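Have a look at the structure below before the remarks.
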Amino acid sequence: MKRLFILSILTVGLVIPMHASTFIDSLSYDIRFAYSIGGSMPIGMPATIRSLDKYSLEANVQVGVDVYEKFSKRWGLATGLRLENKGMSIEATVKNYHMTMVRGGQTLEGRFTGHNATDVTQWMFTLPVQAVCYLGDKWMLRCGPYISYVHSHSFSGHASDGYLRVGDPTGAKVEIGSDENTRGSYDFSDDLRNFQYGVLVGANWRFYKSWGLLVDVSWGLNGIFKSDFHTIEQTFHPIYGTIGLSYHIK
């Protein structure tokens, strides 16, 4: 019995590396270099946001490795690891927008009407798991969930050129100016989540030898703020489109 047990352990120890080696050899790898455009926003424009006045491109670069396992001529599975930034810089006109801000060393909370400017930076590692549909040798479609660990983030801005009603829309009126001494500032960086998840769909086109073009659309499901954060009443979902190049290395 002892000899049989030892023989079984040795057999498993030999078989697992052999199968693992076969599995690894069946994988293929792409390196991706991409850029994303989008923002963290509520689903449906709330009435308190009257207009989006300005949107600036940010350093939303994306680099990573995509790993593919092809099960058949048509179907496969994709995963990988990406380093990316989902940032935005926007300016908007708002009315009766619930906010907390600091003005002249004093913290104010209430309903703000005026101009609002926000800068967001979220550097993260993203792990997707996608089903792959191969359309011939050059095209593939991808769809599946993703999870991201946000290791560096900030959400800050200022409110200007308007007024704040303290507490509710009928509260005391505080004028908010346009210079650094009279405008209000805010920083909600500590209220951002460290983990995000969502859905990712995309496509690849191999256009020349090992080079390909890729497009992705990602939709965050759980929002960028922690569940106990209520200063901003709407859930901000990170929604981004990505375009870039891929290089096939195996």
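We name chains A, B, ... following the order of the structure tokens; residues begin at 1 in each chain, and ligands are numbered from 1 as shown.
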
Kindly provide the residues of range 73-169 of chain A that approach range 221-229 of chain A to within 12 Å, each paired with its closest atom pair and their distance in Å to one decimal, based on only C-alpha atoms, listed by chain and increasing number, as CSV.
residue,atom,partner,partner_atom,distance
A:Lys86,CA,A:Ile224,CA,10.5
A:Gly87,CA,A:Ile224,CA,11.4
A:Met99,CA,A:Phe229,CA,11.8
A:Thr100,CA,A:Phe229,CA,11.6
A:Val120,CA,A:Ile224,CA,10.5
A:Thr121,CA,A:Ile224,CA,11.1
A:Gln122,CA,A:Ile224,CA,9.4
A:Pro145,CA,A:Leu221,CA,10.0
A:Tyr146,CA,A:Leu221,CA,10.1
A:Ile147,CA,A:Leu221,CA,10.2
A:Ser148,CA,A:Ile224,CA,11.0
A:Tyr149,CA,A:Ile224,CA,11.5
A:Val150,CA,A:Ile224,CA,9.8
A:His153,CA,A:Ile224,CA,10.1
A:Ser154,CA,A:Ile224,CA,10.8
A:Phe155,CA,A:Phe225,CA,9.9

Using only N, CA and C atoms, please write the residues we just selected to a file, as a CSV table (one decimal), in the first residue's frame.
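New file result36.csv:
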chain,number,residue,atom,x,y,z
A,86,LYS,N,-8.1,55.5,-16.5
A,86,LYS,CA,-9.5,56.0,-16.9
A,86,LYS,C,-9.7,57.3,-16.2
A,87,GLY,N,-9.2,58.4,-16.9
A,87,GLY,CA,-9.3,59.7,-16.4
A,87,GLY,C,-10.2,60.6,-17.3
A,99,MET,N,-23.6,69.3,-3.4
A,99,MET,CA,-22.2,69.3,-3.3
A,99,MET,C,-21.7,69.6,-1.9
A,100,THR,N,-20.5,69.2,-1.6
A,100,THR,CA,-19.8,69.6,-0.5
A,100,THR,C,-18.5,70.2,-1.0
A,120,VAL,N,-10.4,63.8,-13.0
A,120,VAL,CA,-10.4,62.5,-12.4
A,120,VAL,C,-9.2,61.7,-13.0
A,121,THR,N,-8.4,61.0,-12.2
A,121,THR,CA,-7.4,60.1,-12.6
A,121,THR,C,-7.5,58.8,-11.9
A,122,GLN,N,-7.5,57.7,-12.6
A,122,GLN,CA,-7.6,56.4,-12.1
A,122,GLN,C,-6.7,55.4,-12.8
A,145,PRO,N,-16.7,39.7,-18.8
A,145,PRO,CA,-16.5,40.6,-17.7
A,145,PRO,C,-15.0,41.0,-17.5
A,146,TYR,N,-14.8,42.0,-16.7
A,146,TYR,CA,-13.5,42.4,-16.3
A,146,TYR,C,-13.5,42.8,-14.8
A,147,ILE,N,-12.4,42.8,-14.2
A,147,ILE,CA,-12.2,43.3,-12.8
A,147,ILE,C,-10.9,44.2,-12.8
A,148,SER,N,-11.0,45.3,-12.1
A,148,SER,CA,-9.8,46.2,-12.1
A,148,SER,C,-9.5,46.5,-10.6
A,149,TYR,N,-8.2,46.6,-10.4
A,149,TYR,CA,-7.7,47.0,-9.1
A,149,TYR,C,-7.1,48.4,-9.3
A,150,VAL,N,-7.7,49.4,-8.7
A,150,VAL,CA,-7.3,50.8,-8.9
A,150,VAL,C,-6.2,51.1,-7.8
A,153,HIS,N,-5.6,56.9,-7.5
A,153,HIS,CA,-6.7,57.6,-8.0
A,153,HIS,C,-6.9,59.0,-7.4
A,154,SER,N,-7.6,59.9,-8.1
A,154,SER,CA,-7.9,61.2,-7.6
A,154,SER,C,-9.2,61.7,-8.2
A,155,PHE,N,-10.0,62.4,-7.5
A,155,PHE,CA,-11.2,63.0,-8.0
A,155,PHE,C,-11.3,64.4,-7.3

Range 85-230 of chain A: residues DSSP assigns to strand (DSSP E or B), reported as a PyMOL selection string:
chain A and resi 85+88-103+106-128+130-135+139-166+173-176+184-187+192+195-208+211-220+225

Quote the spacing between CA of Gly202 in chain A and CA of Leu77 in chain A in Å to one decimal place.
13.1 Å

Near range 101-116 of chain A, 6 Å: range 130-187 of chain A residue rows, closest pairs, only C-alpha atoms, as a tab-separated table:
residue	atom	partner	partner_atom	distance
A:Ala159	CA	A:Asn116	CA	4.6
A:Ser160	CA	A:His115	CA	5.2
A:Asp161	CA	A:Gly114	CA	5.4
A:Gly162	CA	A:Gly114	CA	4.1
A:Tyr163	CA	A:Thr113	CA	5.6
A:Leu164	CA	A:Phe112	CA	4.3
A:Arg165	CA	A:Arg111	CA	5.1
A:Val166	CA	A:Gly110	CA	4.4
A:Gly167	CA	A:Gly110	CA	4.3
A:Asp168	CA	A:Gly110	CA	5.6
A:Pro169	CA	A:Arg111	CA	5.9
A:Gly184	CA	A:Arg103	CA	4.5
A:Ser185	CA	A:Val102	CA	5.2
A:Tyr186	CA	A:Met101	CA	4.9

Let me make sure I understand: among A:Ile49, A:Ala117, A:Ile37, A:Val63, which one has the smallest atom-to-atom distance to His98 in chain A if we use only C-alpha atoms?
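Under the stated criterion, the closest residue is A:Ile49.
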
Considering only C-alpha atoms, state which residue in the set A:Tyr197, A:Tyr134, A:Phe236, A:Phe125 is at the smallest distance from Pro46 in chain A.
A:Phe236

Compare A:Trp75, A:Phe33, A:Phe188, A:Tyr208 by their minimum atom-to-atom distance to Ala131 in chain A, counting only C-alpha atoms, and give me the closest one.
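That would be A:Trp75, the residue with the smallest distance to Ala131 in chain A.
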
Which residues come within 8 Å of Leu52 in chain A, counting only C-alpha atoms, excluding same-chain residues fewer than 5 positions away, as a PyMOL selection string?
chain A and resi 90-93

With only C-alpha atoms as the basis for distance, which of A:Ser210, A:Thr126, A:Gln196, A:Thr231 is at the shortest distance from Lys250 in chain A?
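Ranking A:Ser210, A:Thr126, A:Gln196, A:Thr231 by distance to Lys250 in chain A, first place goes to A:Ser210.
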
Neighbours of Trp219 in chain A within 7 Å (only C-alpha atoms; same-chain residues fewer than 4 positions away dropped), as a PyMOL selection string?
chain A and resi 198-200+238-240
